[in-house]
Amino acid sequence: MKDDLNIPPARDLPPGHRRQRREHLLSELSRPEHERRRRPKVLLAVTAGVVMLVVAMVGVYAGWGWRILTPPENSAEGSSRWHFTDPKDMVATSDLVVLGTVTGVERDGVSDQGDVVYITRLLHVTVDKRLFGTLSGDPVVVEDLGWEKAGGREMPWRVKGMIRLEVGNRAVLFLRKEPTTGRFGLLSDQAGYLVEGPDIANTARTDPMVRRIEEMSVFELERLIDEAAAAMRRGELQPVPEGGRRKPQQSP
Amino acid sequence: MSTEPSDSKLWAQAGDGDATAFGELYERHATAIYNHCFRRTASWSLAEDLTSAVFLQAWRHRSDVRFVGDSARPWLLGVATNLVRNQQRTLRRYQAALRRLSPPPDEDDFVDDLAGRMDDERAVRKLLGLIERLPRRDREVLALCAWDGLSYAEAAVALEVPIGTVRSRLSRARRRLEQFQPEPGAVGSRLVDEREARHEG
């Protein structure tokens, strides 16, 4: 079976295909510049026109005028109870880590703060693979930030540095069970990672530990999680208490 | 002594709008690009489309070309690496151009070759299944150095990273592949073959 792992020798394009591709390339290059670029410009102009028309109609209908054209970006600083610098600590502090796909999103509880109303949402996550912890049911339901309603307008409730999962997203999730509700939630703003094929997706987040994880393949992250689990079994790694570990006392 | 014009000379002519010179560059490097794209996708037909896209993209960015010695191949392989990385987006971008391509000609020789090509696709799918455990940056270095035979310096140009980074990524890829393999000594040395040992810093 080892021979199956040889790299097949190089092949040329079939002669007819090669000739055809070369001619096609040259004909594409000889097309006048304006002809090559016209289609996207026309498409862009038509798309922009349609979008503006729809926005105007919706805006006027709802009595918003043109405010809708410049919606403020609703982004708050994260206020996680944990901030990790080592992914293994994040594993140890999680109750459950899964690789799963979001198959449903539903509105959940409402918290009325006076001028702002916060709405949580529930993500239904079908588990492709349990990576750490005990899985008691599938799909896993994860409580997540939903929407923020202020001044009569509702918009997604986003936290800076935290991915917002939608139906169809595949992700690695580090989850913590809320003792009060018994529901799972993301452990911190560093606890969700989109997956693209064999890789952790790059979402251009700036946190150093998140950057480190986003440079991994899924397989590598799985190995890291396995290593953390093994370290826990050996008693070498413990969950991080809220607010972080205490620094060891310096001896006088 | 070779009388063939160098890549840089052809590129300069192409830069002045000489499409024939660009066609000559295509003749020179299409096979390498085609095989690179195949080894990254396990599909000969996708590799054909991506090869076309690489040269269309190279034409658009012809002022950005970087030569190693006098060869444009490392830079073209770098363009290919980027396009393979975003292959869905790439094919969408060049959809209109690829649609203008006439249907491929029927070729008896190619039909005879078909079984071998299908075997190749199976073999590469298996290889990709193994190396997809590596991070993307390591997979790319592995493909360029071990499979396409680029030197460290050439791979550094293709990936726009320092030579030391190429060296360390390749070394890490080999180490990790050795860890993944079912039989010690089998996989890593086959995927990172002896060509890698010939690279001079």
# chains A, B, ... in the order shown; residues from 1 in each chain; ligands from 1
>>> residues_around(residues="range 127-136 of chain B", least_positions_apart="4", cutoff="9 Å", atoms="only C-alpha atoms", output="MDAnalysis selection string")
(chainID A and resid 4:7 197:200 215:220) or (chainID B and resid 39:42 85 122:123 140:141 173 176:177 180:181 191)
>>> residues_around(residues="Arg130 in chain A", least_positions_apart="6", cutoff="7 Å", atoms="only C-alpha atoms", output="PyMOL selection string")
chain A and resi 97-99
>>> atom_distance(atom1="CA of Phe132 in chain A", atom2="CA of Arg212 in chain A")
19.6 Å
>>> select_by_dssp(residues="range 112-182 of chain A", states="strand (DSSP E or B)", output="PyMOL selection string")
chain A and resi 112+116-133+140-150+153-156+158-159+170-177
>>> write_last_selection(atoms="N, CA and C atoms", output="short mmCIF file (atom, residue, chain, number, x, y, z; two decimals), in the first residue's frame")
data_model
loop_
_atom_site.label_atom_id
_atom_site.label_comp_id
_atom_site.auth_asym_id
_atom_site.auth_seq_id
_atom_site.Cartn_x
_atom_site.Cartn_y
_atom_site.Cartn_z
N ASP A 112 -34.60 43.44 28.80
CA ASP A 112 -34.93 44.85 28.57
C ASP A 112 -34.11 45.72 29.51
N VAL A 116 -32.24 50.04 25.69
CA VAL A 116 -31.77 48.99 24.78
C VAL A 116 -32.35 47.64 25.21
N VAL A 117 -32.79 46.88 24.23
CA VAL A 117 -33.29 45.54 24.52
C VAL A 117 -32.34 44.54 23.87
N TYR A 118 -31.87 43.58 24.66
CA TYR A 118 -30.99 42.55 24.12
C TYR A 118 -31.77 41.25 23.96
N ILE A 119 -31.59 40.63 22.82
CA ILE A 119 -32.29 39.37 22.54
C ILE A 119 -31.24 38.29 22.32
N THR A 120 -31.33 37.23 23.07
CA THR A 120 -30.38 36.13 22.85
C THR A 120 -30.96 35.19 21.79
N ARG A 121 -30.11 34.33 21.28
CA ARG A 121 -30.58 33.35 20.29
C ARG A 121 -30.01 31.98 20.64
N LEU A 122 -30.65 30.99 20.14
CA LEU A 122 -30.19 29.62 20.37
C LEU A 122 -29.70 29.04 19.05
N LEU A 123 -28.49 28.54 19.08
CA LEU A 123 -27.93 27.89 17.89
C LEU A 123 -28.09 26.39 18.05
N HIS A 124 -28.61 25.75 17.04
CA HIS A 124 -28.69 24.28 17.06
C HIS A 124 -27.49 23.77 16.28
N VAL A 125 -26.62 23.07 16.97
CA VAL A 125 -25.37 22.63 16.35
C VAL A 125 -25.36 21.10 16.25
N THR A 126 -25.35 20.62 15.04
CA THR A 126 -25.23 19.17 14.83
C THR A 126 -23.76 18.79 14.95
N VAL A 127 -23.48 17.86 15.83
CA VAL A 127 -22.08 17.54 16.13
C VAL A 127 -21.52 16.56 15.09
N ASP A 128 -20.47 17.01 14.41
CA ASP A 128 -19.76 16.11 13.48
C ASP A 128 -18.76 15.27 14.26
N LYS A 129 -18.17 15.87 15.29
CA LYS A 129 -17.18 15.14 16.08
C LYS A 129 -17.06 15.78 17.47
N ARG A 130 -17.13 14.92 18.47
CA ARG A 130 -16.90 15.43 19.83
C ARG A 130 -15.39 15.41 20.05
N LEU A 131 -14.84 16.52 20.47
CA LEU A 131 -13.39 16.60 20.61
C LEU A 131 -12.95 16.55 22.06
N PHE A 132 -13.83 16.96 22.95
CA PHE A 132 -13.48 16.95 24.39
C PHE A 132 -14.77 17.04 25.19
N GLY A 133 -14.79 16.39 26.34
CA GLY A 133 -15.94 16.50 27.24
C GLY A 133 -17.01 15.48 26.92
N VAL A 140 -26.48 19.89 19.79
CA VAL A 140 -26.19 20.67 20.98
C VAL A 140 -26.83 22.05 20.79
N VAL A 141 -27.47 22.54 21.85
CA VAL A 141 -28.07 23.88 21.76
C VAL A 141 -27.16 24.86 22.49
N VAL A 142 -26.78 25.90 21.78
CA VAL A 142 -25.83 26.87 22.32
C VAL A 142 -26.50 28.24 22.40
N GLU A 143 -26.47 28.80 23.60
CA GLU A 143 -27.02 30.14 23.76
C GLU A 143 -25.99 31.16 23.28
N ASP A 144 -26.44 32.11 22.50
CA ASP A 144 -25.49 33.03 21.87
C ASP A 144 -26.09 34.43 21.83
N LEU A 145 -25.22 35.40 21.55
CA LEU A 145 -25.70 36.76 21.41
C LEU A 145 -26.61 36.84 20.19
N GLY A 146 -27.74 37.51 20.32
CA GLY A 146 -28.68 37.56 19.20
C GLY A 146 -28.75 38.91 18.55
N TRP A 147 -29.64 39.75 19.09
CA TRP A 147 -29.87 41.03 18.44
C TRP A 147 -29.96 42.12 19.52
N GLU A 148 -29.74 43.31 19.07
CA GLU A 148 -29.84 44.47 19.95
C GLU A 148 -30.89 45.40 19.34
N LYS A 149 -31.82 45.84 20.18
CA LYS A 149 -32.90 46.67 19.67
C LYS A 149 -32.83 48.02 20.39
N ALA A 150 -32.64 49.06 19.61
CA ALA A 150 -32.57 50.40 20.20
C ALA A 150 -33.17 51.39 19.21
N ARG A 153 -35.03 50.16 16.17
CA ARG A 153 -34.34 49.36 15.15
C ARG A 153 -33.64 48.18 15.79
N GLU A 154 -33.65 47.08 15.07
CA GLU A 154 -33.01 45.86 15.59
C GLU A 154 -31.84 45.49 14.69
N MET A 155 -30.74 45.17 15.31
CA MET A 155 -29.58 44.77 14.50
C MET A 155 -28.83 43.67 15.23
N PRO A 156 -28.01 42.92 14.48
CA PRO A 156 -27.27 41.84 15.14
C PRO A 156 -26.42 42.36 16.29
N ARG A 158 -23.34 42.19 18.05
CA ARG A 158 -22.00 41.68 17.79
C ARG A 158 -21.06 42.10 18.90
N VAL A 159 -20.11 41.24 19.17
CA VAL A 159 -19.06 41.59 20.12
C VAL A 159 -17.74 41.52 19.37
N ARG A 170 -19.68 25.73 9.66
CA ARG A 170 -19.04 24.61 10.36
C ARG A 170 -17.99 25.23 11.27
N ALA A 171 -17.92 24.77 12.49
CA ALA A 171 -17.03 25.45 13.43
C ALA A 171 -16.57 24.50 14.54
N VAL A 172 -15.43 24.86 15.13
CA VAL A 172 -15.00 24.22 16.38
C VAL A 172 -15.42 25.16 17.51
N LEU A 173 -16.15 24.61 18.46
CA LEU A 173 -16.71 25.43 19.53
C LEU A 173 -16.24 24.92 20.89
N PHE A 174 -15.73 25.84 21.69
CA PHE A 174 -15.34 25.53 23.06
C PHE A 174 -16.48 26.01 23.95
N LEU A 175 -17.18 25.08 24.58
CA LEU A 175 -18.43 25.41 25.25
C LEU A 175 -18.34 25.22 26.76
N ARG A 176 -19.12 26.04 27.43
CA ARG A 176 -19.19 25.97 28.89
C ARG A 176 -20.66 25.85 29.27
N LYS A 177 -20.98 24.96 30.16
CA LYS A 177 -22.38 24.82 30.58
C LYS A 177 -22.67 25.83 31.67
#
>>> select_by_dssp(residues="range 35-189 of chain B", states="alpha helix (DSSP H)", output="VMD selection string")
chain B and resid 35 to 41 44 to 60 73 to 85 87 to 93 95 to 99 108 to 131 136 to 142 152 to 159 163 to 180 187 to 189
>>> write_last_selection(atoms="C-alpha atoms", output="compact mmCIF listing (two decimals), in the first residue's frame")
# COMPACT_ATOMS: atom_id res chain seq x y z
CA ASN B 35 0.76 19.61 -12.85
CA HIS B 36 1.00 21.88 -9.82
CA CYS B 37 -2.73 22.62 -10.03
CA PHE B 38 -3.51 18.93 -10.48
CA ARG B 39 -1.46 17.91 -7.45
CA ARG B 40 -3.28 20.46 -5.33
CA THR B 41 -6.79 19.57 -6.57
CA TRP B 44 -7.13 17.14 -14.32
CA SER B 45 -10.07 19.11 -15.72
CA LEU B 46 -10.04 21.60 -12.85
CA ALA B 47 -6.27 21.87 -13.31
CA GLU B 48 -6.83 22.84 -16.97
CA ASP B 49 -9.20 25.65 -16.00
CA LEU B 50 -6.91 26.81 -13.22
CA THR B 51 -3.93 26.82 -15.59
CA SER B 52 -5.85 29.13 -17.93
CA ALA B 53 -6.79 31.30 -14.95
CA VAL B 54 -3.15 31.47 -13.81
CA PHE B 55 -2.02 32.88 -17.16
CA LEU B 56 -4.93 35.31 -17.36
CA GLN B 57 -4.10 36.49 -13.85
CA ALA B 58 -0.39 36.66 -14.70
CA TRP B 59 -1.21 38.86 -17.69
CA ARG B 60 -3.21 41.20 -15.49
CA ARG B 73 8.26 29.83 -13.21
CA PRO B 74 8.51 30.32 -9.41
CA TRP B 75 6.42 33.48 -9.63
CA LEU B 76 3.87 31.74 -11.86
CA LEU B 77 3.71 28.86 -9.38
CA GLY B 78 3.10 31.46 -6.67
CA VAL B 79 0.18 32.84 -8.69
CA ALA B 80 -1.08 29.26 -9.10
CA THR B 81 -0.76 28.65 -5.35
CA ASN B 82 -2.91 31.69 -4.60
CA LEU B 83 -5.52 30.77 -7.17
CA VAL B 84 -5.73 27.16 -5.99
CA ARG B 85 -6.12 28.44 -2.42
CA GLN B 87 -10.25 28.15 -6.35
CA GLN B 88 -13.98 28.74 -6.09
CA ARG B 89 -13.50 32.49 -6.17
CA THR B 90 -10.92 32.12 -8.96
CA LEU B 91 -13.23 30.14 -11.19
CA ARG B 92 -16.07 32.56 -10.56
CA ARG B 93 -13.82 35.47 -11.48
CA GLN B 95 -16.15 32.28 -15.43
CA ALA B 96 -16.90 34.59 -18.36
CA ALA B 97 -13.52 34.01 -19.99
CA LEU B 98 -13.73 30.25 -19.48
CA ARG B 99 -17.25 30.20 -20.94
CA ASP B 108 -7.91 9.41 -29.55
CA ASP B 109 -4.57 9.55 -27.70
CA PHE B 110 -6.20 11.27 -24.77
CA VAL B 111 -8.90 8.58 -24.54
CA ASP B 112 -6.15 5.93 -24.36
CA ASP B 113 -4.58 7.98 -21.60
CA LEU B 114 -7.79 8.31 -19.64
CA ALA B 115 -7.40 5.27 -17.40
CA GLY B 116 -3.94 6.42 -16.33
CA ARG B 117 -5.27 9.88 -15.55
CA MET B 118 -8.06 8.43 -13.45
CA ASP B 119 -5.48 6.40 -11.51
CA ASP B 120 -3.52 9.61 -10.99
CA GLU B 121 -6.60 11.34 -9.60
CA ARG B 122 -7.21 8.52 -7.15
CA ALA B 123 -3.57 8.56 -6.02
CA VAL B 124 -3.51 12.33 -5.52
CA ARG B 125 -6.82 12.30 -3.65
CA LYS B 126 -5.22 9.86 -1.24
CA LEU B 127 -2.14 12.03 -0.87
CA LEU B 128 -4.22 15.14 -0.30
CA GLY B 129 -6.22 13.27 2.33
CA LEU B 130 -2.98 12.74 4.17
CA ILE B 131 -1.39 16.14 3.81
CA ARG B 136 -2.13 25.27 4.66
CA ARG B 137 1.21 27.12 4.69
CA ASP B 138 3.09 23.84 5.21
CA ARG B 139 1.11 22.10 2.46
CA GLU B 140 2.01 24.87 0.03
CA VAL B 141 5.73 24.67 0.77
CA LEU B 142 5.61 20.90 0.48
CA TYR B 152 14.17 27.14 -1.23
CA ALA B 153 14.98 30.45 -2.91
CA GLU B 154 12.44 29.85 -5.67
CA ALA B 155 9.75 28.78 -3.20
CA ALA B 156 10.50 31.91 -1.17
CA VAL B 157 9.72 34.03 -4.25
CA ALA B 158 6.60 32.03 -5.04
CA LEU B 159 5.21 32.41 -1.52
CA ILE B 163 14.05 31.55 2.66
CA GLY B 164 14.42 30.61 6.31
CA THR B 165 10.64 30.37 6.59
CA VAL B 166 10.51 27.99 3.62
CA ARG B 167 13.18 25.83 5.20
CA SER B 168 11.51 25.68 8.59
CA ARG B 169 8.05 25.00 7.13
CA LEU B 170 9.35 22.15 5.02
CA SER B 171 11.23 20.67 7.92
CA ARG B 172 8.12 20.92 10.10
CA ALA B 173 5.97 19.36 7.38
CA ARG B 174 8.33 16.41 7.13
CA ARG B 175 8.40 16.00 10.90
CA ARG B 176 4.64 16.09 11.16
CA LEU B 177 4.10 13.71 8.29
CA GLU B 178 6.42 11.24 9.99
CA GLN B 179 4.17 11.49 13.06
CA PHE B 180 0.99 10.89 11.04
CA VAL B 187 5.15 8.47 4.29
CA GLY B 188 7.21 11.48 5.15
CA SER B 189 10.12 10.42 3.02
>>> residues_around(residues="Leu25 in chain B", least_positions_apart="5", cutoff="10 Å", atoms="only C-alpha atoms", output="list in words")
Ser6, Asp7, Ser8, Leu10, Trp11, Ala14, Ala19, Thr20, Ala30, Phe55, Ala72 and Arg73 of chain B
>>> write_last_selection(atoms="C-alpha atoms", output="compact mmCIF listing (two decimals), in the first residue's frame")
# COMPACT_ATOMS: atom_id res chain seq x y z
CA SER B 6 14.89 34.45 -21.92
CA ASP B 7 11.75 34.64 -19.80
CA SER B 8 12.59 38.20 -18.84
CA LEU B 10 9.64 37.59 -23.39
CA TRP B 11 8.04 39.18 -20.38
CA ALA B 14 4.53 40.88 -23.31
CA ALA B 19 0.57 38.60 -26.82
CA THR B 20 2.67 36.21 -28.94
CA ALA B 30 1.98 25.57 -18.87
CA PHE B 55 -2.02 32.88 -17.16
CA ALA B 72 9.33 33.33 -14.25
CA ARG B 73 8.26 29.83 -13.21
